[in-house]
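Structure data follow from start.cif (mmCIF, C-alpha atoms and all ligand atoms):
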data_my_file
#
loop_
_atom_site.label_atom_id
_atom_site.label_comp_id
_atom_site.auth_asym_id
_atom_site.auth_seq_id
_atom_site.Cartn_x
_atom_site.Cartn_y
_atom_site.Cartn_z
CA MET A 1 0.00 0.00 0.00
CA SER A 2 1.53 3.32 -1.05
CA ALA A 3 1.48 6.22 1.41
CA VAL A 4 -1.27 8.83 1.17
CA ARG A 5 0.14 12.25 0.21
CA ILE A 6 -1.09 15.01 2.53
CA GLY A 7 -0.43 18.76 2.79
CA LEU A 8 -0.28 20.73 6.04
CA ILE A 9 -1.74 24.24 5.93
CA GLY A 10 -0.87 26.21 9.07
CA ALA A 11 2.15 24.94 10.97
CA GLY A 12 1.83 26.55 14.40
CA ALA A 13 1.30 24.77 17.72
CA ILE A 14 -1.22 22.18 16.59
CA GLY A 15 0.29 21.95 13.10
CA ARG A 16 3.48 20.67 14.71
CA ALA A 17 1.44 18.07 16.63
CA HIS A 18 -0.02 16.93 13.30
CA LEU A 19 3.46 16.63 11.83
CA VAL A 20 4.55 14.44 14.72
CA GLY A 21 1.32 12.42 14.43
CA ALA A 22 1.81 11.96 10.69
CA ALA A 23 5.38 10.76 11.19
CA ALA A 24 4.09 8.00 13.49
CA ALA A 25 0.93 7.09 11.55
CA PRO A 26 1.20 4.26 9.02
CA GLY A 27 0.75 5.09 5.34
CA VAL A 28 0.93 8.88 5.70
CA ASP A 29 3.36 11.19 3.91
CA ILE A 30 3.29 14.97 4.53
CA VAL A 31 4.51 16.34 1.21
CA GLY A 32 4.18 20.08 1.76
CA ILE A 33 3.75 22.76 4.41
CA ALA A 34 1.92 25.97 3.53
CA ASP A 35 2.33 28.75 6.08
CA PRO A 36 3.76 32.25 5.44
CA SER A 37 5.54 32.55 8.80
CA PRO A 38 9.35 32.28 9.11
CA ALA A 39 8.87 29.79 11.95
CA ALA A 40 6.92 27.51 9.62
CA HIS A 41 9.64 27.85 7.01
CA ASP A 42 12.16 26.68 9.64
CA LEU A 43 9.88 23.83 10.69
CA ALA A 44 9.58 22.63 7.08
CA HIS A 45 13.37 22.68 6.86
CA GLU A 46 13.66 20.74 10.15
CA PHE A 47 11.33 17.99 8.84
CA SER A 48 12.79 18.14 5.27
CA ILE A 49 9.37 18.91 3.81
CA PRO A 50 8.85 21.36 0.90
CA TRP A 51 7.58 24.76 2.10
CA PHE A 52 5.02 26.98 0.35
CA PRO A 53 3.91 30.52 1.23
CA ASP A 54 0.22 29.71 0.88
CA HIS A 55 -2.17 26.82 0.24
CA GLN A 56 -2.77 27.66 -3.43
CA ALA A 57 0.97 27.32 -4.14
CA LEU A 58 0.97 23.98 -2.34
CA LEU A 59 -2.03 22.81 -4.37
CA ASP A 60 -0.46 23.99 -7.63
CA ARG A 61 2.88 22.28 -7.01
CA GLN A 62 2.16 19.09 -5.09
CA ASP A 63 -0.08 16.16 -5.97
CA ILE A 64 -1.98 15.50 -2.73
CA GLY A 65 -4.97 13.41 -1.71
CA GLY A 66 -5.94 15.76 1.09
CA ALA A 67 -4.78 18.49 3.45
CA ILE A 68 -4.88 19.46 7.11
CA VAL A 69 -6.16 22.97 7.84
CA ALA A 70 -4.59 24.14 11.11
CA THR A 71 -4.72 27.91 10.64
CA PRO A 72 -6.38 30.50 12.88
CA ASN A 73 -10.14 29.91 13.05
CA ALA A 74 -11.21 32.70 10.67
CA LEU A 75 -9.30 31.02 7.81
CA HIS A 76 -10.76 27.54 8.31
CA VAL A 77 -13.75 27.92 6.00
CA PRO A 78 -12.20 29.86 3.07
CA ILE A 79 -9.19 27.53 2.86
CA ALA A 80 -11.30 24.39 3.21
CA MET A 81 -13.62 25.67 0.45
CA ASP A 82 -10.60 26.03 -1.87
CA LEU A 83 -9.55 22.46 -1.08
CA ILE A 84 -13.03 21.11 -1.70
CA ALA A 85 -13.21 23.01 -5.01
CA ARG A 86 -10.09 21.08 -6.06
CA GLY A 87 -11.53 17.77 -4.84
CA LYS A 88 -9.05 17.37 -1.96
CA ALA A 89 -10.15 15.68 1.28
CA VAL A 90 -9.95 17.96 4.33
CA LEU A 91 -8.98 17.48 7.96
CA ILE A 92 -9.98 20.81 9.47
CA GLU A 93 -9.13 21.85 13.01
CA LYS A 94 -11.83 22.68 15.51
CA PRO A 95 -13.92 24.79 15.63
CA ILE A 96 -15.11 24.00 12.12
CA ALA A 97 -16.09 27.67 11.70
CA ASP A 98 -16.86 30.83 13.64
CA SER A 99 -20.62 30.57 13.10
CA ILE A 100 -23.27 27.89 12.56
CA GLU A 101 -24.09 29.33 9.12
CA GLU A 102 -20.47 29.07 7.96
CA GLY A 103 -20.16 25.57 9.38
CA LEU A 104 -23.26 24.47 7.49
CA THR A 105 -22.08 26.12 4.27
CA LEU A 106 -18.84 24.18 4.46
CA ALA A 107 -20.52 20.91 5.40
CA ARG A 108 -22.93 21.23 2.47
CA ALA A 109 -20.16 22.17 0.03
CA ALA A 110 -18.26 19.00 1.00
CA ASP A 111 -21.41 16.91 0.71
CA ASP A 112 -22.37 18.38 -2.68
CA ALA A 113 -18.86 17.85 -4.07
CA ASN A 114 -18.65 14.37 -2.51
CA VAL A 115 -15.36 15.35 -0.87
CA PRO A 116 -14.68 13.94 2.61
CA LEU A 117 -14.49 16.51 5.42
CA LEU A 118 -13.13 15.35 8.79
CA VAL A 119 -13.11 17.76 11.73
CA GLY A 120 -10.24 17.63 14.24
CA HIS A 121 -12.11 16.75 17.40
CA HIS A 122 -9.21 14.47 18.22
CA ARG A 123 -10.52 13.20 21.56
CA ARG A 124 -13.00 11.00 19.67
CA HIS A 125 -9.96 9.03 18.53
CA ASN A 126 -8.80 8.38 22.10
CA PRO A 127 -9.43 4.71 23.05
CA ILE A 128 -10.47 5.83 26.57
CA VAL A 129 -13.24 8.00 25.13
CA ARG A 130 -14.27 5.25 22.72
CA GLN A 131 -14.40 2.71 25.54
CA ALA A 132 -16.58 5.05 27.62
CA ARG A 133 -18.91 5.51 24.66
CA ARG A 134 -19.10 1.76 24.14
CA LEU A 135 -19.94 1.14 27.82
CA VAL A 136 -22.72 3.73 27.71
CA LYS A 137 -24.14 2.50 24.38
CA GLU A 138 -24.08 -1.13 25.49
CA GLY A 139 -25.93 -0.22 28.70
CA LYS A 140 -23.12 -1.34 31.00
CA LEU A 141 -23.93 1.57 33.33
CA GLY A 142 -27.67 0.90 33.16
CA ARG A 143 -29.56 4.04 32.32
CA LEU A 144 -27.27 7.08 32.21
CA VAL A 145 -28.41 9.50 34.90
CA SER A 146 -25.78 12.21 34.96
CA ALA A 147 -22.40 13.32 33.69
CA SER A 148 -20.16 15.69 35.65
CA VAL A 149 -17.24 17.19 33.81
CA LEU A 150 -14.45 19.19 35.41
CA ALA A 151 -12.22 21.27 33.15
CA THR A 152 -10.26 23.25 35.70
CA PHE A 153 -6.67 24.31 35.06
CA LEU A 154 -4.36 27.31 35.27
CA LYS A 155 -3.16 29.14 32.15
CA HIS A 156 0.13 30.92 32.83
CA ASP A 157 0.16 34.73 32.95
CA ALA A 158 2.29 35.11 29.78
CA TYR A 159 -0.47 33.32 27.81
CA PHE A 160 -2.49 36.52 28.08
CA ASN A 161 0.23 38.81 26.71
CA GLU A 162 -1.43 38.54 23.30
CA ALA A 163 -4.40 40.92 23.18
CA TRP A 164 -6.77 38.55 21.33
CA ARG A 165 -6.52 36.08 24.21
CA ARG A 166 -8.00 38.72 26.54
CA SER A 167 -10.80 39.52 24.11
CA LYS A 168 -14.17 37.88 23.62
CA ALA A 169 -12.84 36.17 20.50
CA ALA A 170 -10.89 33.81 22.75
CA GLY A 171 -11.51 32.48 26.25
CA PRO A 172 -11.95 29.01 27.68
CA VAL A 173 -15.52 28.62 26.39
CA LEU A 174 -14.54 28.87 22.71
CA ILE A 175 -11.05 27.38 23.04
CA ASN A 176 -11.43 24.62 25.64
CA LEU A 177 -15.10 23.94 26.39
CA ILE A 178 -15.78 22.88 22.81
CA HIS A 179 -13.80 19.67 23.50
CA GLU A 180 -15.96 18.85 26.52
CA ILE A 181 -19.15 19.50 24.58
CA ASP A 182 -18.00 17.22 21.79
CA VAL A 183 -17.01 14.41 24.19
CA LEU A 184 -20.38 14.70 25.95
CA ARG A 185 -22.23 14.44 22.63
CA PHE A 186 -20.07 11.55 21.49
CA VAL A 187 -20.22 9.53 24.71
CA CYS A 188 -23.53 10.46 26.30
CA GLY A 189 -25.82 11.62 23.46
CA GLU A 190 -27.28 14.72 21.88
CA ILE A 191 -27.75 17.93 23.85
CA GLU A 192 -31.26 19.38 24.04
CA SER A 193 -30.79 22.52 26.12
CA ILE A 194 -28.12 24.55 27.86
CA GLN A 195 -28.04 27.04 30.72
CA ALA A 196 -24.79 28.73 31.67
CA LEU A 197 -23.15 31.32 33.88
CA THR A 198 -19.77 32.87 33.18
CA SER A 199 -17.50 35.05 35.29
CA ASN A 200 -14.44 37.22 34.69
CA ALA A 201 -14.07 38.10 38.36
CA VAL A 202 -10.49 36.83 38.79
CA ARG A 203 -8.65 38.30 35.80
CA GLY A 204 -11.09 41.07 34.92
CA PHE A 205 -10.55 40.69 31.15
CA ASP A 206 -13.40 41.13 28.66
CA VAL A 207 -13.47 37.38 28.23
CA GLU A 208 -14.62 34.93 30.90
CA ASP A 209 -12.15 32.99 33.03
CA THR A 210 -14.71 30.65 34.57
CA ALA A 211 -18.00 29.08 33.47
CA VAL A 212 -20.52 26.62 34.80
CA VAL A 213 -22.89 24.89 32.41
CA LEU A 214 -26.04 22.82 32.91
CA LEU A 215 -27.07 20.55 30.05
CA ARG A 216 -30.13 18.42 29.37
CA LEU A 217 -29.42 15.53 27.03
CA LYS A 218 -31.83 13.47 24.96
CA GLY A 219 -33.37 10.72 27.06
CA GLY A 220 -33.28 12.83 30.23
CA THR A 221 -29.62 12.58 31.24
CA LEU A 222 -28.46 15.75 33.00
CA ALA A 223 -24.88 16.99 32.80
CA THR A 224 -22.74 19.72 34.28
CA ILE A 225 -19.46 21.20 33.16
CA THR A 226 -17.30 23.34 35.45
CA LEU A 227 -14.68 25.20 33.49
CA SER A 228 -11.93 27.56 34.65
CA ASP A 229 -8.58 28.57 33.25
CA THR A 230 -7.64 30.41 36.42
CA ALA A 231 -7.92 27.53 38.90
CA ALA A 232 -4.85 25.91 40.46
CA ALA A 233 -6.43 22.50 39.94
CA PRO A 234 -5.55 19.22 38.18
CA TRP A 235 -9.11 18.12 37.31
CA SER A 236 -9.18 18.41 33.56
CA TRP A 237 -8.73 16.08 30.58
CA ASP A 238 -5.54 17.77 29.43
CA LEU A 239 -3.89 17.34 32.84
CA THR A 240 -4.97 13.73 33.40
CA SER A 241 -5.22 11.92 30.06
CA ALA A 242 -1.55 12.07 28.98
CA GLU A 243 -2.83 12.99 25.53
CA ASN A 244 -0.57 15.96 24.99
CA PRO A 245 3.09 15.86 26.07
CA ALA A 246 2.98 19.65 26.56
CA PHE A 247 1.16 19.02 29.86
CA PRO A 248 2.31 17.11 32.94
CA THR A 249 -0.04 14.29 33.91
CA SER A 250 -1.58 13.63 37.31
CA SER A 251 -3.59 10.64 38.50
CA ALA A 252 -6.67 12.80 39.08
CA GLU A 253 -9.97 12.22 37.28
CA SER A 254 -12.03 14.72 35.30
CA HIS A 255 -15.21 13.07 33.96
CA PHE A 256 -17.77 11.19 36.06
CA LEU A 257 -20.62 9.27 34.38
CA CYS A 258 -23.33 7.92 36.68
CA GLY A 259 -25.81 5.21 35.68
CA THR A 260 -28.54 3.27 37.46
CA ASP A 261 -26.38 0.10 37.49
CA ALA A 262 -22.82 1.42 37.62
CA SER A 263 -20.72 4.54 37.31
CA ILE A 264 -17.38 5.30 35.76
CA ALA A 265 -14.69 7.96 36.05
CA LEU A 266 -12.40 9.09 33.23
CA PRO A 267 -9.69 8.99 32.15
CA THR A 268 -8.97 6.16 34.63
CA LEU A 269 -11.98 4.10 33.43
CA ARG A 270 -12.50 3.16 37.08
CA MET A 271 -15.96 1.62 37.24
CA TRP A 272 -18.03 1.44 40.44
CA ARG A 273 -20.88 -1.02 41.09
CA TYR A 274 -22.61 -2.95 43.87
CA PRO A 275 -21.23 -6.51 44.05
CA GLY A 276 -24.37 -7.74 45.81
CA GLU A 277 -27.24 -5.93 47.42
CA ARG A 278 -27.77 -2.43 46.08
CA GLY A 279 -28.36 0.77 47.99
CA TRP A 280 -26.41 3.46 49.78
CA HIS A 281 -26.07 1.37 52.98
CA HIS A 282 -23.98 -1.20 51.07
CA ALA A 283 -20.37 -0.90 49.99
CA MET A 284 -19.55 -0.45 46.32
CA GLU A 285 -16.58 -2.05 44.60
CA SER A 286 -14.48 -0.66 41.79
CA GLU A 287 -12.46 -2.16 38.98
CA THR A 288 -10.56 -0.57 36.13
CA VAL A 289 -11.88 -1.32 32.67
CA PRO A 290 -8.90 -2.32 30.51
CA VAL A 291 -8.07 -0.34 27.41
CA ALA A 292 -5.11 -0.28 25.06
CA ARG A 293 -4.01 3.34 25.18
CA ALA A 294 -3.09 5.13 21.97
CA ASN A 295 -2.21 8.66 20.93
CA PRO A 296 -5.39 10.20 19.49
CA TYR A 297 -3.46 12.51 17.13
CA ILE A 298 -1.79 9.49 15.52
CA GLU A 299 -5.13 7.64 15.41
CA GLN A 300 -6.76 10.68 13.82
CA MET A 301 -4.06 10.80 11.14
CA ARG A 302 -4.40 7.07 10.43
CA HIS A 303 -8.16 7.60 10.09
CA PHE A 304 -7.69 10.59 7.77
CA ALA A 305 -5.49 8.50 5.48
CA ALA A 306 -8.16 5.76 5.47
CA VAL A 307 -10.79 8.40 4.65
CA ILE A 308 -8.69 9.64 1.72
CA ARG A 309 -8.31 6.06 0.44
CA GLY A 310 -12.11 5.65 0.70
CA ASP A 311 -11.85 2.86 3.29
CA GLU A 312 -13.60 4.80 6.08
CA THR A 313 -16.01 7.73 6.34
CA PRO A 314 -15.18 10.69 8.60
CA LEU A 315 -15.72 9.91 12.28
CA ILE A 316 -16.93 13.49 12.69
CA ASP A 317 -18.10 15.28 9.55
CA GLY A 318 -19.04 18.91 8.97
CA PHE A 319 -22.65 18.57 10.11
CA ASP A 320 -21.71 16.72 13.27
CA ALA A 321 -19.00 19.27 14.11
CA THR A 322 -21.41 22.14 13.48
CA LYS A 323 -23.70 20.63 16.12
CA THR A 324 -20.81 20.76 18.58
CA LEU A 325 -20.19 24.38 17.56
CA GLN A 326 -23.89 25.20 17.97
CA ALA A 327 -23.90 23.86 21.54
CA THR A 328 -20.67 25.68 22.38
CA LEU A 329 -22.01 29.00 21.10
CA ALA A 330 -25.20 28.38 23.10
CA VAL A 331 -23.13 28.48 26.29
CA ARG A 332 -22.09 32.07 25.57
CA GLU A 333 -25.64 32.94 24.45
CA SER A 334 -27.17 31.61 27.66
CA ALA A 335 -24.59 33.32 29.87
CA GLU A 336 -25.22 36.66 28.15
CA SER A 337 -29.02 36.44 28.02
CA GLY A 338 -29.66 34.60 31.27
CA VAL A 339 -32.05 32.24 29.52
CA CYS A 340 -31.94 28.49 28.97
CA VAL A 341 -31.14 27.92 25.27
CA THR A 342 -32.94 25.08 23.52
CA LEU A 343 -30.93 23.69 20.61
CA THR A 344 -32.93 23.48 17.41
CA ASP A 345 -32.22 20.71 14.93
CA ARG A 346 -31.40 23.03 12.04
CA VAL A 347 -27.96 21.46 11.89
CA SER A 348 -28.52 18.35 9.84
CA PRO A 349 -27.45 17.11 6.43
CA GLN A 350 -29.77 17.62 3.48
CA SER A 351 -28.47 14.36 2.14
CA SER A 352 -25.60 12.12 3.04
CA ASP A 353 -24.34 8.75 2.00
CA ARG A 354 -23.14 6.90 5.09
CA SER A 355 -22.90 3.45 3.63
CA THR A 356 -19.17 3.08 4.45
CA PRO A 357 -18.45 2.36 8.12
CA ASN A 358 -16.38 4.93 9.96
CA ALA A 359 -13.46 4.15 12.25
CA LEU A 360 -15.73 2.89 15.01
CA GLY A 361 -17.99 0.86 12.78
CA PHE A 362 -20.94 3.12 13.69
CA SER A 363 -23.03 4.67 10.98
CA GLY A 364 -21.92 8.26 11.67
CA GLY A 365 -23.22 11.07 13.87
CA SER A 366 -23.12 11.06 17.64
CA SER A 367 -26.58 9.81 18.47
N1 LIG B 1 -7.39 19.85 18.42
C1 LIG B 1 -6.62 20.45 19.31
O1 LIG B 1 -6.22 19.86 20.31
C2 LIG B 1 -6.21 21.87 19.07
C3 LIG B 1 -5.24 22.45 19.91
C4 LIG B 1 -4.82 23.74 19.63
C5 LIG B 1 -5.36 24.45 18.57
N2 LIG B 1 -6.33 23.88 17.81
C6 LIG B 1 -6.91 24.64 16.67
O2 LIG B 1 -5.93 24.68 15.64
C7 LIG B 1 -5.95 25.95 14.99
C8 LIG B 1 -4.58 26.60 15.08
O3 LIG B 1 -4.26 26.80 16.43
P1 LIG B 1 -2.74 26.95 16.91
O4 LIG B 1 -2.79 26.98 18.40
O5 LIG B 1 -1.89 25.95 16.23
O6 LIG B 1 -2.43 28.41 16.36
P2 LIG B 1 -1.00 29.02 16.00
O7 LIG B 1 -1.19 30.49 16.03
O8 LIG B 1 0.06 28.42 16.86
O9 LIG B 1 -0.73 28.52 14.49
C9 LIG B 1 -1.46 28.98 13.39
C10 LIG B 1 -0.53 28.96 12.18
O10 LIG B 1 -1.28 29.32 11.01
C11 LIG B 1 -0.41 30.11 10.19
N3 LIG B 1 -1.18 30.87 9.22
C12 LIG B 1 -1.76 32.10 9.36
N4 LIG B 1 -2.35 32.47 8.21
C13 LIG B 1 -2.13 31.46 7.32
C14 LIG B 1 -2.49 31.25 5.96
N5 LIG B 1 -3.21 32.15 5.28
N6 LIG B 1 -2.11 30.11 5.36
C15 LIG B 1 -1.39 29.18 6.02
N7 LIG B 1 -1.01 29.34 7.30
C16 LIG B 1 -1.39 30.45 7.96
C17 LIG B 1 0.34 30.96 11.18
O11 LIG B 1 1.53 31.49 10.60
C18 LIG B 1 0.63 29.94 12.29
O12 LIG B 1 1.86 29.29 12.07
C19 LIG B 1 -7.06 26.75 15.66
O13 LIG B 1 -8.22 26.64 14.88
C20 LIG B 1 -7.25 26.06 17.01
O14 LIG B 1 -8.58 26.17 17.48
C21 LIG B 1 -6.74 22.61 18.02
#

Could you take the file, read its structure, and then write that structure out as structure tokens?
Amino acid sequence: MSAVRIGLIGAGAIGRAHLVGAAAAPGVDIVGIADPSPAAHDLAHEFSIPWFPDHQALLDRQDIGGAIVATPNALHVPIAMDLIARGKAVLIEKPIADSIEEGLTLARAADDANVPLLVGHHRRHNPIVRQARRLVKEGKLGRLVSASVLATFLKHDAYFNEAWRRSKAAGPVLINLIHEIDVLRFVCGEIESIQALTSNAVRGFDVEDTAVVLLRLKGGTLATITLSDTAAAPWSWDLTSAENPAFPTSSAESHFLCGTDASIALPTLRMWRYPGERGWHHAMESETVPVARANPYIEQMRHFAAVIRGDETPLIDGFDATKTLQATLAVRESAESGVCVTLTDRVSPQSSDRSTPNALGFSGGSS
């Protein structure tokens, strides 16, 4: 099997992670980096990969099956549209777009052109997250009652030296919470409504530093997310899952899923149940559900190559990712308006062919 030829557009922090992932993924060859910055030029030199000042030059000069779009958010949609127009498969970083309308426009363009569009919600490729989803879907917890998510961590002061990070365009809701929303949808089911409070009391910037979110999921499961980037706390996926070597890892847990038969904490996959008689006067026992750990960025790259070859369909396509965006934007909307936001189902494909199984063997979507 010959390697799939892929371009990288945008070679900043996450672009580098994609390069490392591609080097470790089987059957993947990064054949060009498009990014105007001098740092990206140096990076291309370091990895001995041809460098191009922009994506059109890369497309003109290299024969590729697809490309990764890892640019600032505002460029996601225009660059991905150019790729789709040339029939190139796309792995686009999250968020898919800045607005629901743009996300839908892109999703429809990919659908109409029959070009695969995969969105970089990489946690879906983590075996721990997949195992949790499997346990929930197979009813191993009984009926899912609640999910409690903690995303509490401390961003260093220098992080806020750049003005945009203190503005409403950034902040932990748009940058970090979107991952929690996507994992909740993927593992626990679709979100029906959202109520949220945000606060900027600690840093006093325009953008929030802390948020609490209440969510009602389909089927009646209730969920909460506590989010803060100003908390000296280890309870977050990034600081516990060992997913990203940029962060130290602690043995703490961050996600707690409670069912009528059993409950489980992530990322440890420690599952609690009653060995005999049930009820709060009896002791519970715990065991760790085994899982073969894997780097989700490498898994995502392997999947993208399979998508380009036509062996798999995107684990999260443009419509699915726009639903995650819709729920994330609803958090800000609810915090600003004070009302509970009900998510409408305007985010759905007009038509889609999902006959090819995706990486999990499910038929697509998160429901
Ligand atoms: N999935 C994840 O875990 C994850 C983590 C971090 C960031 N992200 C997402 O990845 C994207 C990039 O984030 P980042 O932290 O790497 O940002 P970054 O600022 O470190 O890198 C962005 C890069 O894009 C380049 N760029 C700017 N304009 C360009 C253009 N017209 N063509 C090509 N390249 C261009 C910049 O020079 C820079 O090198 C964002 O959308 C972000 O939300 C995802």

Using only C-alpha atoms and all ligand atoms, which residues have at least one atom no more than 6 Å from ligand LIG 1 (chain B)? Output them as a PDB file with C-alpha atoms, in the frame of the given file.
ATOM      1  CA  ILE A   9      -1.740  24.240   5.930  1.00  0.00           C
ATOM      2  CA  GLY A  10      -0.870  26.210   9.070  1.00  0.00           C
ATOM      3  CA  ALA A  11       2.150  24.940  10.970  1.00  0.00           C
ATOM      4  CA  GLY A  12       1.830  26.550  14.400  1.00  0.00           C
ATOM      5  CA  ALA A  13       1.300  24.770  17.720  1.00  0.00           C
ATOM      6  CA  ILE A  14      -1.220  22.180  16.590  1.00  0.00           C
ATOM      7  CA  GLY A  15       0.290  21.950  13.100  1.00  0.00           C
ATOM      8  CA  ALA A  34       1.920  25.970   3.530  1.00  0.00           C
ATOM      9  CA  ASP A  35       2.330  28.750   6.080  1.00  0.00           C
ATOM     10  CA  PRO A  36       3.760  32.250   5.440  1.00  0.00           C
ATOM     11  CA  SER A  37       5.540  32.550   8.800  1.00  0.00           C
ATOM     12  CA  ALA A  40       6.920  27.510   9.620  1.00  0.00           C
ATOM     13  CA  ASP A  54       0.220  29.710   0.880  1.00  0.00           C
ATOM     14  CA  ALA A  70      -4.590  24.140  11.110  1.00  0.00           C
ATOM     15  CA  THR A  71      -4.720  27.910  10.640  1.00  0.00           C
ATOM     16  CA  PRO A  72      -6.380  30.500  12.880  1.00  0.00           C
ATOM     17  CA  ASN A  73     -10.140  29.910  13.050  1.00  0.00           C
ATOM     18  CA  GLU A  93      -9.130  21.850  13.010  1.00  0.00           C
ATOM     19  CA  LYS A  94     -11.830  22.680  15.510  1.00  0.00           C
ATOM     20  CA  PRO A  95     -13.920  24.790  15.630  1.00  0.00           C
ATOM     21  CA  GLY A 120     -10.240  17.630  14.240  1.00  0.00           C
ATOM     22  CA  HIS A 121     -12.110  16.750  17.400  1.00  0.00           C
ATOM     23  CA  HIS A 122      -9.210  14.470  18.220  1.00  0.00           C
TER      24      HIS A 122
END

Ranking A:Ile68, A:Val90, A:Val145, A:Ile96 by minimum distance to A:Gly219 and counting all atoms listed in the file, which one comes first?
A:Val145

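Omitting A:Pro314 and its sequence neighbours fewer than 3 positions away, and counting all atoms listed in the file, the residues within 7 Å are Pro116, Leu117, Leu118, Val307, Asp317 and Asn358 of chain A.
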
Take the residues from that selection and put them in a file with C-alpha atoms, as a PDB file, keeping the file's coordinate frame.
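New file again_39.pdb:
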ATOM      1  CA  PRO A 116     -14.680  13.940   2.610  1.00  0.00           C
ATOM      2  CA  LEU A 117     -14.490  16.510   5.420  1.00  0.00           C
ATOM      3  CA  LEU A 118     -13.130  15.350   8.790  1.00  0.00           C
ATOM      4  CA  VAL A 307     -10.790   8.400   4.650  1.00  0.00           C
ATOM      5  CA  ASP A 317     -18.100  15.280   9.550  1.00  0.00           C
ATOM      6  CA  ASN A 358     -16.380   4.930   9.960  1.00  0.00           C
TER       7      ASN A 358
END

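In this structure, atom CA of A:Trp272 sits 22.6 Å away from atom CA of A:Leu239.
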
Residues within 9 Å of stretch 241-248 of chain A, please, as a PDB file with C-alpha atoms, keeping the file's coordinate frame. Count only C-alpha atoms; anything in the same chain fewer than 4 positions from it doesn't count.
ATOM      1  CA  ALA A  17       1.440  18.070  16.630  1.00  0.00           C
ATOM      2  CA  ARG A 123     -10.520  13.200  21.560  1.00  0.00           C
ATOM      3  CA  ASN A 126      -8.800   8.380  22.100  1.00  0.00           C
ATOM      4  CA  ILE A 128     -10.470   5.830  26.570  1.00  0.00           C
ATOM      5  CA  SER A 236      -9.180  18.410  33.560  1.00  0.00           C
ATOM      6  CA  TRP A 237      -8.730  16.080  30.580  1.00  0.00           C
ATOM      7  CA  GLU A 253      -9.970  12.220  37.280  1.00  0.00           C
ATOM      8  CA  LEU A 266     -12.400   9.090  33.230  1.00  0.00           C
ATOM      9  CA  PRO A 267      -9.690   8.990  32.150  1.00  0.00           C
ATOM     10  CA  THR A 268      -8.970   6.160  34.630  1.00  0.00           C
ATOM     11  CA  ALA A 294      -3.090   5.130  21.970  1.00  0.00           C
ATOM     12  CA  ASN A 295      -2.210   8.660  20.930  1.00  0.00           C
ATOM     13  CA  PRO A 296      -5.390  10.200  19.490  1.00  0.00           C
ATOM     14  CA  TYR A 297      -3.460  12.510  17.130  1.00  0.00           C
TER      15      TYR A 297
END

Tell me, as number ranges by chain, which residues lie within 12 Å of A:Ala132, counting all atoms listed in the file; anything in the same chain fewer than 3 positions away does not count.
A: 123-129, 135-141, 144, 147, 183-184, 186-188, 255-258, 263-271, 288-291

List every protein, DNA or RNA residue that has at least one atom no more than 10 Å from (-6.6, 22.4, 4.2) in the file's coordinates, counting all atoms listed in the file, and write the result as a CSV table (one decimal) with C-alpha atoms, keeping the file's coordinate frame.
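Okay, this is what ended up in point34.csv:
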chain,number,residue,atom,x,y,z
A,6,ILE,CA,-1.1,15.0,2.5
A,7,GLY,CA,-0.4,18.8,2.8
A,8,LEU,CA,-0.3,20.7,6.0
A,9,ILE,CA,-1.7,24.2,5.9
A,10,GLY,CA,-0.9,26.2,9.1
A,34,ALA,CA,1.9,26.0,3.5
A,55,HIS,CA,-2.2,26.8,0.2
A,59,LEU,CA,-2.0,22.8,-4.4
A,66,GLY,CA,-5.9,15.8,1.1
A,67,ALA,CA,-4.8,18.5,3.4
A,68,ILE,CA,-4.9,19.5,7.1
A,69,VAL,CA,-6.2,23.0,7.8
A,70,ALA,CA,-4.6,24.1,11.1
A,71,THR,CA,-4.7,27.9,10.6
A,75,LEU,CA,-9.3,31.0,7.8
A,76,HIS,CA,-10.8,27.5,8.3
A,77,VAL,CA,-13.8,27.9,6.0
A,78,PRO,CA,-12.2,29.9,3.1
A,79,ILE,CA,-9.2,27.5,2.9
A,80,ALA,CA,-11.3,24.4,3.2
A,81,MET,CA,-13.6,25.7,0.4
A,82,ASP,CA,-10.6,26.0,-1.9
A,83,LEU,CA,-9.6,22.5,-1.1
A,84,ILE,CA,-13.0,21.1,-1.7
A,88,LYS,CA,-9.0,17.4,-2.0
A,89,ALA,CA,-10.2,15.7,1.3
A,90,VAL,CA,-10.0,18.0,4.3
A,91,LEU,CA,-9.0,17.5,8.0
A,92,ILE,CA,-10.0,20.8,9.5
A,93,GLU,CA,-9.1,21.8,13.0
A,117,LEU,CA,-14.5,16.5,5.4

Enclose all atoms of stretch 206-221 of chain A listed in the file in an axis-aligned box, grow every side by 5 Å, and hand back centre and edge lengths in Å to one decimal, as JSON.
{"center_x": -22.8, "center_y": 25.9, "center_z": 29.9, "size_x": 31.2, "size_y": 40.4, "size_z": 19.8}

Pick out the residues sitting within 12 Å of A:Gly27, and hand them over as a PyMOL selection string; count all atoms listed in the file, and ignore anything fewer than 6 positions along from it in its own chain.
chain A and resi 1-6+21+298-299+301-306+308-309

Please, which residues are within 12 Å of (-35.8, 28.9, 32.6) by the file's coordinates, counting only C-alpha atoms, and could they come as an mmCIF file with C-alpha atoms, in the frame of the given file?
data_model
loop_
_atom_site.group_PDB
_atom_site.id
_atom_site.type_symbol
_atom_site.label_atom_id
_atom_site.label_comp_id
_atom_site.auth_asym_id
_atom_site.auth_seq_id
_atom_site.Cartn_x
_atom_site.Cartn_y
_atom_site.Cartn_z
ATOM 1 C CA SER A 193 -30.790 22.520 26.120
ATOM 2 C CA ILE A 194 -28.120 24.550 27.860
ATOM 3 C CA GLN A 195 -28.040 27.040 30.720
ATOM 4 C CA ALA A 196 -24.790 28.730 31.670
ATOM 5 C CA LEU A 214 -26.040 22.820 32.910
ATOM 6 C CA SER A 334 -27.170 31.610 27.660
ATOM 7 C CA SER A 337 -29.020 36.440 28.020
ATOM 8 C CA GLY A 338 -29.660 34.600 31.270
ATOM 9 C CA VAL A 339 -32.050 32.240 29.520
ATOM 10 C CA CYS A 340 -31.940 28.490 28.970
ATOM 11 C CA VAL A 341 -31.140 27.920 25.270
ATOM 12 C CA THR A 342 -32.940 25.080 23.520
#
